[in-house]
file final23.pdb (PDB, C-alpha atoms)
ATOM      1  CA  GLY A  15      63.253 180.212 120.284
ATOM      2  CA  ILE A  16      63.554 178.604 123.671
ATOM      3  CA  TYR A  17      64.091 174.906 124.271
ATOM      4  CA  LYS A  18      63.418 173.088 127.538
ATOM      5  CA  SER A  19      64.723 169.795 128.882
ATOM      6  CA  ASN A  20      62.916 167.741 131.522
ATOM      7  CA  ASP A  21      65.577 165.000 131.664
ATOM      8  CA  LEU A  22      68.806 166.811 132.583
ATOM      9  CA  GLY A  23      69.589 167.748 128.986
ATOM     10  CA  ASN A  24      69.243 164.345 127.335
ATOM     11  CA  SER A  25      66.369 165.591 125.154
ATOM     12  CA  TRP A  26      64.927 169.002 124.356
ATOM     13  CA  ASN A  27      61.512 170.368 123.334
ATOM     14  CA  GLN A  28      60.922 173.781 121.813
ATOM     15  CA  VAL A  29      58.591 175.782 124.076
ATOM     16  CA  LEU A  30      58.826 179.255 122.490
ATOM     17  CA  PHE A  31      58.660 179.517 118.718
ATOM     18  CA  LEU A  32      60.071 182.696 117.182
ATOM     19  CA  GLU A  33      60.724 183.872 113.649
ATOM     20  CA  ASN A  34      64.092 182.672 112.408
ATOM     21  CA  THR A  35      65.374 186.256 112.564
ATOM     22  CA  GLU A  36      64.426 186.791 116.243
ATOM     23  CA  LEU A  37      67.096 185.953 118.832
ATOM     24  CA  VAL A  38      66.772 185.209 122.544
ATOM     25  CA  ASN A  39      69.406 187.317 124.323
ATOM     26  CA  SER A  40      68.501 186.846 127.970
ATOM     27  CA  ILE A  41      66.496 184.477 130.162
ATOM     28  CA  ILE A  42      65.869 185.140 133.841
ATOM     29  CA  GLN A  43      63.812 183.428 136.515
ATOM     30  CA  ASN A  44      62.028 185.087 139.415
ATOM     31  CA  ASP A  45      62.324 182.460 142.143
ATOM     32  CA  SER A  46      59.771 184.129 144.421
ATOM     33  CA  THR A  47      56.994 184.179 141.778
ATOM     34  CA  ASN A  48      58.143 181.161 139.706
ATOM     35  CA  GLU A  49      58.030 183.235 136.519
ATOM     36  CA  GLN A  50      60.538 183.156 133.690
ATOM     37  CA  PHE A  51      61.233 186.071 131.350
ATOM     38  CA  ALA A  52      63.036 186.134 128.012
ATOM     39  CA  GLY A  53      64.401 189.187 126.216
ATOM     40  CA  THR A  54      64.618 189.021 122.421
ATOM     41  CA  SER A  55      65.688 191.121 119.456
ATOM     42  CA  ASN A  56      64.817 191.013 115.792
ATOM     43  CA  PHE A  57      66.724 193.519 113.704
ATOM     44  CA  ILE A  58      64.148 193.435 110.886
ATOM     45  CA  GLY A  59      61.229 194.194 113.228
ATOM     46  CA  GLY A  60      59.965 192.454 116.330
ATOM     47  CA  GLY A  61      61.553 191.521 119.612
ATOM     48  CA  GLY A  62      60.667 192.405 123.162
ATOM     49  CA  VAL A  63      59.980 190.503 126.383
ATOM     50  CA  TYR A  64      58.195 187.159 126.823
ATOM     51  CA  ARG A  65      56.883 185.649 130.078
ATOM     52  CA  SER A  66      56.096 182.155 131.330
ATOM     53  CA  ASP A  67      54.270 181.370 134.575
ATOM     54  CA  ASP A  68      54.212 177.574 134.178
ATOM     55  CA  SER A  69      57.882 176.595 134.485
ATOM     56  CA  GLY A  70      58.652 177.599 130.925
ATOM     57  CA  ASN A  71      56.144 175.300 129.215
ATOM     58  CA  THR A  72      54.212 178.123 127.526
ATOM     59  CA  TRP A  73      55.131 181.741 126.816
ATOM     60  CA  GLU A  74      53.240 184.985 126.200
ATOM     61  CA  PHE A  75      54.442 188.277 124.768
ATOM     62  CA  TYR A  76      54.973 190.684 127.670
ATOM     63  CA  GLY A  77      55.835 194.030 126.099
ATOM     64  CA  LEU A  78      58.537 196.289 124.654
ATOM     65  CA  GLU A  79      57.511 195.374 121.133
ATOM     66  CA  ASN A  80      60.169 196.050 118.477
ATOM     67  CA  HIS A  81      62.860 196.690 121.106
ATOM     68  CA  TYR A  82      66.204 194.947 120.877
ATOM     69  CA  VAL A  83      66.098 193.622 124.447
ATOM     70  CA  SER A  84      69.663 192.648 125.300
ATOM     71  CA  SER A  85      69.376 191.813 128.981
ATOM     72  CA  LEU A  86      67.015 191.420 131.924
ATOM     73  CA  ALA A  87      67.436 191.800 135.689
ATOM     74  CA  LEU A  88      65.258 191.739 138.812
ATOM     75  CA  ASN A  89      65.623 193.817 141.957
ATOM     76  CA  SER A  90      64.620 192.765 145.488
ATOM     77  CA  ASN A  91      61.099 194.183 144.960
ATOM     78  CA  ASN A  92      60.611 191.845 141.951
ATOM     79  CA  ASP A  93      60.622 194.809 139.556
ATOM     80  CA  LEU A  94      61.752 193.623 136.114
ATOM     81  CA  PHE A  95      64.386 195.723 134.333
ATOM     82  CA  ALA A  96      65.146 195.431 130.617
ATOM     83  CA  GLY A  97      68.173 196.799 128.828
ATOM     84  CA  SER A  98      67.521 197.761 125.196
ATOM     85  CA  ARG A  99      70.144 198.365 122.551
ATOM     86  CA  GLY A 100      67.627 200.093 120.313
ATOM     87  CA  HIS A 101      64.211 199.986 118.703
ATOM     88  CA  HIS A 102      63.394 198.737 115.228
ATOM     89  CA  TYR A 103      62.370 202.093 113.760
ATOM     90  CA  LEU A 104      62.964 204.641 116.541
ATOM     91  CA  TYR A 105      66.635 203.739 117.135
ATOM     92  CA  SER A 106      66.483 204.602 120.795
ATOM     93  CA  GLY A 107      67.600 202.201 123.471
ATOM     94  CA  GLY A 108      67.796 202.521 127.212
ATOM     95  CA  VAL A 109      66.544 200.966 130.414
ATOM     96  CA  TYR A 110      62.917 200.069 131.052
ATOM     97  CA  VAL A 111      61.280 198.869 134.256
ATOM     98  CA  LEU A 112      58.074 196.929 134.783
ATOM     99  CA  PRO A 113      57.195 197.401 138.457
ATOM    100  CA  HIS A 114      56.016 194.211 140.161
ATOM    101  CA  ASN A 115      52.297 193.525 139.649
ATOM    102  CA  GLN A 116      51.997 196.371 137.103
ATOM    103  CA  GLN A 117      51.165 196.220 133.400
ATOM    104  CA  ASP A 118      53.032 199.152 131.845
ATOM    105  CA  TRP A 119      56.736 199.431 131.134
ATOM    106  CA  ILE A 120      58.371 202.721 132.177
ATOM    107  CA  SER A 121      61.372 204.244 130.398
ATOM    108  CA  ILE A 122      63.965 205.268 132.999
ATOM    109  CA  ASN A 123      66.922 205.921 130.685
ATOM    110  CA  ASN A 124      66.614 206.569 126.956
ATOM    111  CA  GLU A 125      70.077 207.997 126.343
ATOM    112  CA  GLU A 126      72.069 204.769 125.986
ATOM    113  CA  LEU A 127      72.289 201.659 123.845
ATOM    114  CA  VAL A 128      72.207 199.187 126.745
ATOM    115  CA  THR A 129      73.897 195.861 126.105
ATOM    116  CA  SER A 130      73.869 194.427 129.623
ATOM    117  CA  ILE A 131      72.234 195.061 132.971
ATOM    118  CA  ILE A 132      72.925 193.615 136.395
ATOM    119  CA  ILE A 133      71.634 194.470 139.880
ATOM    120  CA  ASN A 134      73.595 193.768 143.066
ATOM    121  CA  SER A 135      72.200 192.561 146.405
ATOM    122  CA  GLU A 136      71.706 196.184 147.527
ATOM    123  CA  ASP A 137      69.637 197.028 144.410
ATOM    124  CA  VAL A 138      72.354 199.115 142.755
ATOM    125  CA  ILE A 139      71.808 198.874 138.982
ATOM    126  CA  TYR A 140      74.773 198.616 136.601
ATOM    127  CA  ILE A 141      74.453 198.898 132.819
ATOM    128  CA  GLY A 142      76.954 198.228 130.063
ATOM    129  CA  CYS A 143      76.598 200.519 127.056
ATOM    130  CA  SER A 144      77.489 200.295 123.376
ATOM    131  CA  ASN A 145      79.514 202.958 121.599
ATOM    132  CA  LEU A 146      77.814 202.516 118.217
ATOM    133  CA  ASP A 147      77.165 205.629 116.139
ATOM    134  CA  SER A 148      77.083 208.722 118.361
ATOM    135  CA  TYR A 149      76.368 206.849 121.593
ATOM    136  CA  VAL A 150      78.907 206.734 124.418
ATOM    137  CA  GLY A 151      80.035 203.323 125.599
ATOM    138  CA  GLY A 152      81.131 202.340 129.082
ATOM    139  CA  VAL A 153      79.448 201.508 132.373
ATOM    140  CA  ARG A 154      76.800 203.459 134.301
ATOM    141  CA  ARG A 155      75.362 202.926 137.765
ATOM    142  CA  SER A 156      72.207 203.969 139.598
ATOM    143  CA  PHE A 157      71.634 203.998 143.355
ATOM    144  CA  ASP A 158      68.008 205.197 143.096
ATOM    145  CA  ASN A 159      66.197 202.567 141.020
ATOM    146  CA  GLY A 160      67.179 204.205 137.735
ATOM    147  CA  GLN A 161      66.084 207.772 138.442
ATOM    148  CA  SER A 162      69.646 209.070 138.007
ATOM    149  CA  TRP A 163      72.790 207.547 136.487
ATOM    150  CA  GLU A 164      76.488 207.968 137.151
ATOM    151  CA  ASP A 165      79.200 207.182 134.598
ATOM    152  CA  ILE A 166      81.752 204.870 136.250
ATOM    153  CA  SER A 167      83.857 204.258 133.123
ATOM    154  CA  SER A 168      87.073 205.711 134.532
ATOM    155  CA  GLY A 169      89.869 203.540 133.212
ATOM    156  CA  ILE A 170      87.594 201.930 130.628
ATOM    157  CA  GLY A 171      86.853 204.949 128.476
ATOM    158  CA  ASP A 172      84.308 204.916 125.673
ATOM    159  CA  LYS A 173      84.545 201.161 125.113
ATOM    160  CA  ASN A 174      81.776 198.948 123.762
ATOM    161  CA  ILE A 175      80.678 196.940 126.807
ATOM    162  CA  GLU A 176      78.786 193.718 126.070
ATOM    163  CA  ASP A 177      78.826 191.837 129.368
ATOM    164  CA  LEU A 178      78.706 192.702 133.065
ATOM    165  CA  GLU A 179      79.057 190.238 135.921
ATOM    166  CA  ILE A 180      79.435 190.572 139.663
ATOM    167  CA  GLY A 181      81.989 188.018 140.802
ATOM    168  CA  THR A 182      81.851 186.004 144.000
ATOM    169  CA  ASP A 183      84.441 188.487 145.273
ATOM    170  CA  GLY A 184      81.881 191.316 144.920
ATOM    171  CA  PHE A 185      83.771 193.123 142.153
ATOM    172  CA  LEU A 186      82.189 194.132 138.849
ATOM    173  CA  TYR A 187      83.712 192.527 135.750
ATOM    174  CA  THR A 188      83.119 193.815 132.239
ATOM    175  CA  SER A 189      84.183 192.998 128.698
ATOM    176  CA  GLY A 190      83.069 193.529 125.128
ATOM    177  CA  TYR A 191      83.955 193.267 121.466
ATOM    178  CA  PHE A 192      87.594 194.292 121.086
ATOM    179  CA  THR A 193      87.456 195.314 124.758
ATOM    180  CA  PRO A 194      89.649 193.531 127.293
ATOM    181  CA  LEU A 195      88.350 192.251 130.610
ATOM    182  CA  PHE A 196      88.129 194.957 133.273
ATOM    183  CA  ARG A 197      87.525 194.673 137.013
ATOM    184  CA  SER A 198      86.190 197.467 139.188
ATOM    185  CA  THR A 199      88.625 198.961 141.668
ATOM    186  CA  ASN A 200      86.035 198.779 144.452
ATOM    187  CA  SER A 201      83.609 196.067 145.444
ATOM    188  CA  THR A 202      79.974 196.551 144.476
TER     189      THR A 202
END
call {"tool": "encode", "arguments": {"input": "final23.pdb", "output": "structure tokens"}}
result
Amino acid sequence: GIYKSNDLGNSWNQVLFLENTELVNSIIQNDSTNEQFAGTSNFIGGGGVYRSDDSGNTWEFYGLENHYVSSLALNSNNDLFAGSRGHHYLYSGGVYVLPHNQQDWISINNEELVTSIIINSEDVIYIGCSNLDSYVGGVRRSFDNGQSWEDISSGIGDKNIEDLEIGTDGFLYTSGYFTPLFRSTNST
């Protein structure tokens, strides 16, 4: 579940109760709307996105049921993006977007097992992908809000990417299981 501290970490209270097989993979806050979102996965069924609009005191299920939500990101329009590394019984991952002030999630990429997602200050979306089974690992990028994707894995190959970060230097950093740390050759 999710635990919250109101005293700088001296004590903690559980604010989101999940089954003991459901894991929280990502928590993100939208500073302009004061909402928090959590992405979860449960490999025996369950998982998805949860939302809080009261500083994390209470949470509600917010969609993508049975998806293994690995990561969350927000763009400058407050659209919420979720990276999924699969679905409990469909075994299809991808990228989903919930446009700001909308109710329905939209699939914008269902060809990847997405392990991480990050959006830069110019709303360019980067996703890290798993190479499990027949899927191709590496890093992809989208300049058009996820309508099209470009493979930017040159030098990385078909590696299992678990984490993406944009450093203070503006470069993209990536790593994964049995995958060394890589840095992009150009700034994001």
call {"tool": "residues_around", "arguments": {"input": "final23.pdb", "residues": "Pro194 in chain A", "least_positions_apart": "4", "cutoff": "10 Å", "atoms": "all atoms listed in the file", "output": "list in words"}}
result
Ile170, Lys173, Ile175, Thr188, Ser189 and Gly190 of chain A
call {"tool": "closest_residue", "arguments": {"input": "final23.pdb", "among": "A:Thr129, A:Ser66, A:Thr199, A:Ser121", "to": "Thr47 in chain A", "atoms": "only C-alpha atoms"}}
result
A:Ser66
call {"tool": "residues_around", "arguments": {"input": "final23.pdb", "residues": "Thr202 in chain A", "least_positions_apart": "2", "cutoff": "7 Å", "atoms": "only C-alpha atoms", "output": "list in words"}}
result
Gly184, Phe185, Leu186 and Asn200 of chain A
call {"tool": "write_last_selection", "arguments": {"input": "final23.pdb", "atoms": "C-alpha atoms", "output": "PDB file, keeping the file's coordinate frame"}}
result
ATOM      1  CA  GLY A 184      81.881 191.316 144.920  1.00  0.00           C
ATOM      2  CA  PHE A 185      83.771 193.123 142.153  1.00  0.00           C
ATOM      3  CA  LEU A 186      82.189 194.132 138.849  1.00  0.00           C
ATOM      4  CA  ASN A 200      86.035 198.779 144.452  1.00  0.00           C
TER       5      ASN A 200
END
call {"tool": "closest_residue", "arguments": {"input": "final23.pdb", "among": "A:Ile120, A:Leu78, A:Leu86, A:Val150", "to": "Asn174 in chain A", "atoms": "only C-alpha atoms"}}
result
A:Val150
call {"tool": "closest_atom_pairs", "arguments": {"input": "final23.pdb", "of": "range 48-149 of chain A", "to": "range 15-39 of chain A", "cutoff": "8 Å", "atoms": "only C-alpha atoms", "output": "tab-separated table"}}
result
residue	atom	partner	partner_atom	distance
A:Ala52	CA	A:Val38	CA	6.7
A:Gly53	CA	A:Asn39	CA	5.7
A:Thr54	CA	A:Val38	CA	4.4
A:Ser55	CA	A:Leu37	CA	5.4
A:Asn56	CA	A:Glu36	CA	4.3
A:Phe57	CA	A:Thr35	CA	7.5
A:Ile58	CA	A:Thr35	CA	7.5
A:Gly60	CA	A:Glu36	CA	7.2
A:Gly61	CA	A:Glu36	CA	6.5
A:Gly70	CA	A:Val29	CA	7.1
A:Asn71	CA	A:Val29	CA	5.7
A:Thr72	CA	A:Val29	CA	6.0
A:Trp73	CA	A:Leu30	CA	6.2
A:Val83	CA	A:Asn39	CA	7.1
A:Ser84	CA	A:Asn39	CA	5.4
A:Ser85	CA	A:Asn39	CA	6.5
call {"tool": "write_last_selection", "arguments": {"input": "final23.pdb", "atoms": "C-alpha atoms", "output": "compact mmCIF listing (two decimals), in the frame of the given file"}}
result
# COMPACT_ATOMS: atom_id res chain seq x y z
CA ALA A 52 63.04 186.13 128.01
CA GLY A 53 64.40 189.19 126.22
CA THR A 54 64.62 189.02 122.42
CA SER A 55 65.69 191.12 119.46
CA ASN A 56 64.82 191.01 115.79
CA PHE A 57 66.72 193.52 113.70
CA ILE A 58 64.15 193.44 110.89
CA GLY A 60 59.96 192.45 116.33
CA GLY A 61 61.55 191.52 119.61
CA GLY A 70 58.65 177.60 130.93
CA ASN A 71 56.14 175.30 129.22
CA THR A 72 54.21 178.12 127.53
CA TRP A 73 55.13 181.74 126.82
CA VAL A 83 66.10 193.62 124.45
CA SER A 84 69.66 192.65 125.30
CA SER A 85 69.38 191.81 128.98
call {"tool": "atom_distance", "arguments": {"input": "final23.pdb", "atom1": "CA of His114 in chain A", "atom2": "CA of Ile141 in chain A"}}
result
20.4 Å
call {"tool": "residues_around", "arguments": {"input": "final23.pdb", "residues": "Asn134 in chain A", "least_positions_apart": "5", "cutoff": "10 Å", "atoms": "all atoms listed in the file", "output": "MDAnalysis selection string"}}
result
chainID A and resid 87:90 139:140 179:180 184 186 202
call {"tool": "axis_aligned_box", "arguments": {"input": "final23.pdb", "around": "range 16-35 of chain A", "padding_each_side": "5 Å", "output": "AutoDock Vina command-line options"}}
result
--center_x 64.1 --center_y 175.3 --center_z 122.5 --size_x 21.0 --size_y 31.9 --size_z 30.2
call {"tool": "resolve_selection", "arguments": {"input": "final23.pdb", "expression": "the PyMOL selection byres ((chain A and resi 155) around 9)", "output": "list in words"}}
result
Val138, Ile139, Tyr140, Ile141, Val153, Arg154, Ser156, Phe157, Gly160, Ser162, Trp163, Glu164, Asp165 and Ile166 of chain A
call {"tool": "residues_around", "arguments": {"input": "final23.pdb", "residues": "Glu74 in chain A", "least_positions_apart": "4", "cutoff": "10 Å", "atoms": "all atoms listed in the file", "output": "PyMOL selection string"}}
result
chain A and resi 30+51+63-67
call {"tool": "write_last_selection", "arguments": {"input": "final23.pdb", "atoms": "C-alpha atoms", "output": "PDB file, in the frame of the given file"}}
result
ATOM      1  CA  LEU A  30      58.826 179.255 122.490  1.00  0.00           C
ATOM      2  CA  PHE A  51      61.233 186.071 131.350  1.00  0.00           C
ATOM      3  CA  VAL A  63      59.980 190.503 126.383  1.00  0.00           C
ATOM      4  CA  TYR A  64      58.195 187.159 126.823  1.00  0.00           C
ATOM      5  CA  ARG A  65      56.883 185.649 130.078  1.00  0.00           C
ATOM      6  CA  SER A  66      56.096 182.155 131.330  1.00  0.00           C
ATOM      7  CA  ASP A  67      54.270 181.370 134.575  1.00  0.00           C
TER       8      ASP A  67
END
call {"tool": "resolve_selection", "arguments": {"input": "final23.pdb", "expression": "the PyMOL selection byres ((chain A and resi 127) around 6)", "output": "number ranges by chain"}}
result
A: 99, 107-108, 126, 128, 143-144
call {"tool": "atom_distance", "arguments": {"input": "final23.pdb", "atom1": "CA of Asp45 in chain A", "atom2": "CA of Ser69 in chain A"}}
result
10.6 Å
call {"tool": "build_atoms", "arguments": {"input": "final23.pdb", "residues": "range 166-177 of chain A", "atoms": "all heavy atoms", "output": "tab-separated table (two decimals), in the frame of the given file"}}
result
chain	number	residue	atom	x	y	z
A	166	ILE	N	80.64	205.41	135.46
A	166	ILE	CA	81.75	204.87	136.25
A	166	ILE	C	82.76	204.21	135.31
A	166	ILE	O	83.35	203.19	135.64
A	166	ILE	CB	81.27	203.90	137.34
A	166	ILE	CG1	80.48	202.73	136.76
A	166	ILE	CG2	80.44	204.64	138.39
A	166	ILE	CD1	80.23	201.61	137.76
A	167	SER	N	82.98	204.82	134.16
A	167	SER	CA	83.86	204.26	133.12
A	167	SER	C	85.31	204.70	133.24
A	167	SER	O	86.08	204.50	132.31
A	167	SER	CB	83.33	204.64	131.73
A	167	SER	OG	82.02	204.15	131.57
A	168	SER	N	85.69	205.28	134.35
A	168	SER	CA	87.07	205.71	134.53
A	168	SER	C	88.00	204.51	134.37
A	168	SER	O	87.82	203.49	135.01
A	168	SER	CB	87.25	206.33	135.92
A	168	SER	OG	88.59	206.69	136.12
A	169	GLY	N	88.95	204.64	133.49
A	169	GLY	CA	89.87	203.54	133.21
A	169	GLY	C	89.42	202.66	132.06
A	169	GLY	O	90.21	201.94	131.47
A	170	ILE	N	88.14	202.71	131.75
A	170	ILE	CA	87.59	201.93	130.63
A	170	ILE	C	87.49	202.81	129.39
A	170	ILE	O	87.77	202.39	128.29
A	170	ILE	CB	86.20	201.35	130.96
A	170	ILE	CG1	86.28	200.36	132.10
A	170	ILE	CG2	85.58	200.70	129.73
A	170	ILE	CD1	84.94	199.86	132.59
A	171	GLY	N	87.06	204.03	129.59
A	171	GLY	CA	86.85	204.95	128.48
A	171	GLY	C	85.55	204.65	127.75
A	171	GLY	O	84.63	204.06	128.29
A	172	ASP	N	85.51	205.06	126.50
A	172	ASP	CA	84.31	204.92	125.67
A	172	ASP	C	84.33	203.57	124.95
A	172	ASP	O	84.22	203.49	123.74
A	172	ASP	CB	84.25	206.08	124.68
A	172	ASP	CG	83.04	206.01	123.77
A	172	ASP	OD1	82.04	205.39	124.15
A	172	ASP	OD2	83.11	206.56	122.66
A	173	LYS	N	84.47	202.50	125.70
A	173	LYS	CA	84.54	201.16	125.11
A	173	LYS	C	83.14	200.58	124.94
A	173	LYS	O	82.22	200.91	125.67
A	173	LYS	CB	85.36	200.24	126.02
A	173	LYS	CG	86.79	200.69	126.23
A	173	LYS	CD	87.72	199.93	125.35
A	173	LYS	CE	89.16	200.13	125.74
A	173	LYS	NZ	89.87	201.10	125.01
A	174	ASN	N	83.02	199.68	123.97
A	174	ASN	CA	81.78	198.95	123.76
A	174	ASN	C	81.71	197.83	124.80
A	174	ASN	O	82.49	196.88	124.75
A	174	ASN	CB	81.74	198.37	122.34
A	174	ASN	CG	80.43	197.69	122.06
A	174	ASN	OD1	79.37	198.24	122.30
A	174	ASN	ND2	80.50	196.47	121.57
A	175	ILE	N	80.81	197.93	125.74
A	175	ILE	CA	80.68	196.94	126.81
A	175	ILE	C	79.53	196.00	126.45
A	175	ILE	O	78.41	196.44	126.22
A	175	ILE	CB	80.42	197.63	128.16
A	175	ILE	CG1	81.54	198.60	128.49
A	175	ILE	CG2	80.21	196.58	129.26
A	175	ILE	CD1	82.92	197.98	128.56
A	176	GLU	N	79.80	194.71	126.41
A	176	GLU	CA	78.79	193.72	126.07
A	176	GLU	C	78.33	192.89	127.26
A	176	GLU	O	77.23	192.38	127.27
A	176	GLU	CB	79.31	192.77	124.98
A	176	GLU	CG	79.46	193.43	123.63
A	176	GLU	CD	78.14	193.83	123.01
A	176	GLU	OE1	77.14	193.10	123.17
A	176	GLU	OE2	78.10	194.89	122.37
A	177	ASP	N	79.18	192.72	128.27
A	177	ASP	CA	78.83	191.84	129.37
A	177	ASP	C	79.27	192.43	130.69
A	177	ASP	O	80.36	192.98	130.80
A	177	ASP	CB	79.49	190.47	129.17
A	177	ASP	CG	78.98	189.43	130.14
A	177	ASP	OD1	77.78	189.48	130.49
A	177	ASP	OD2	79.76	188.57	130.56
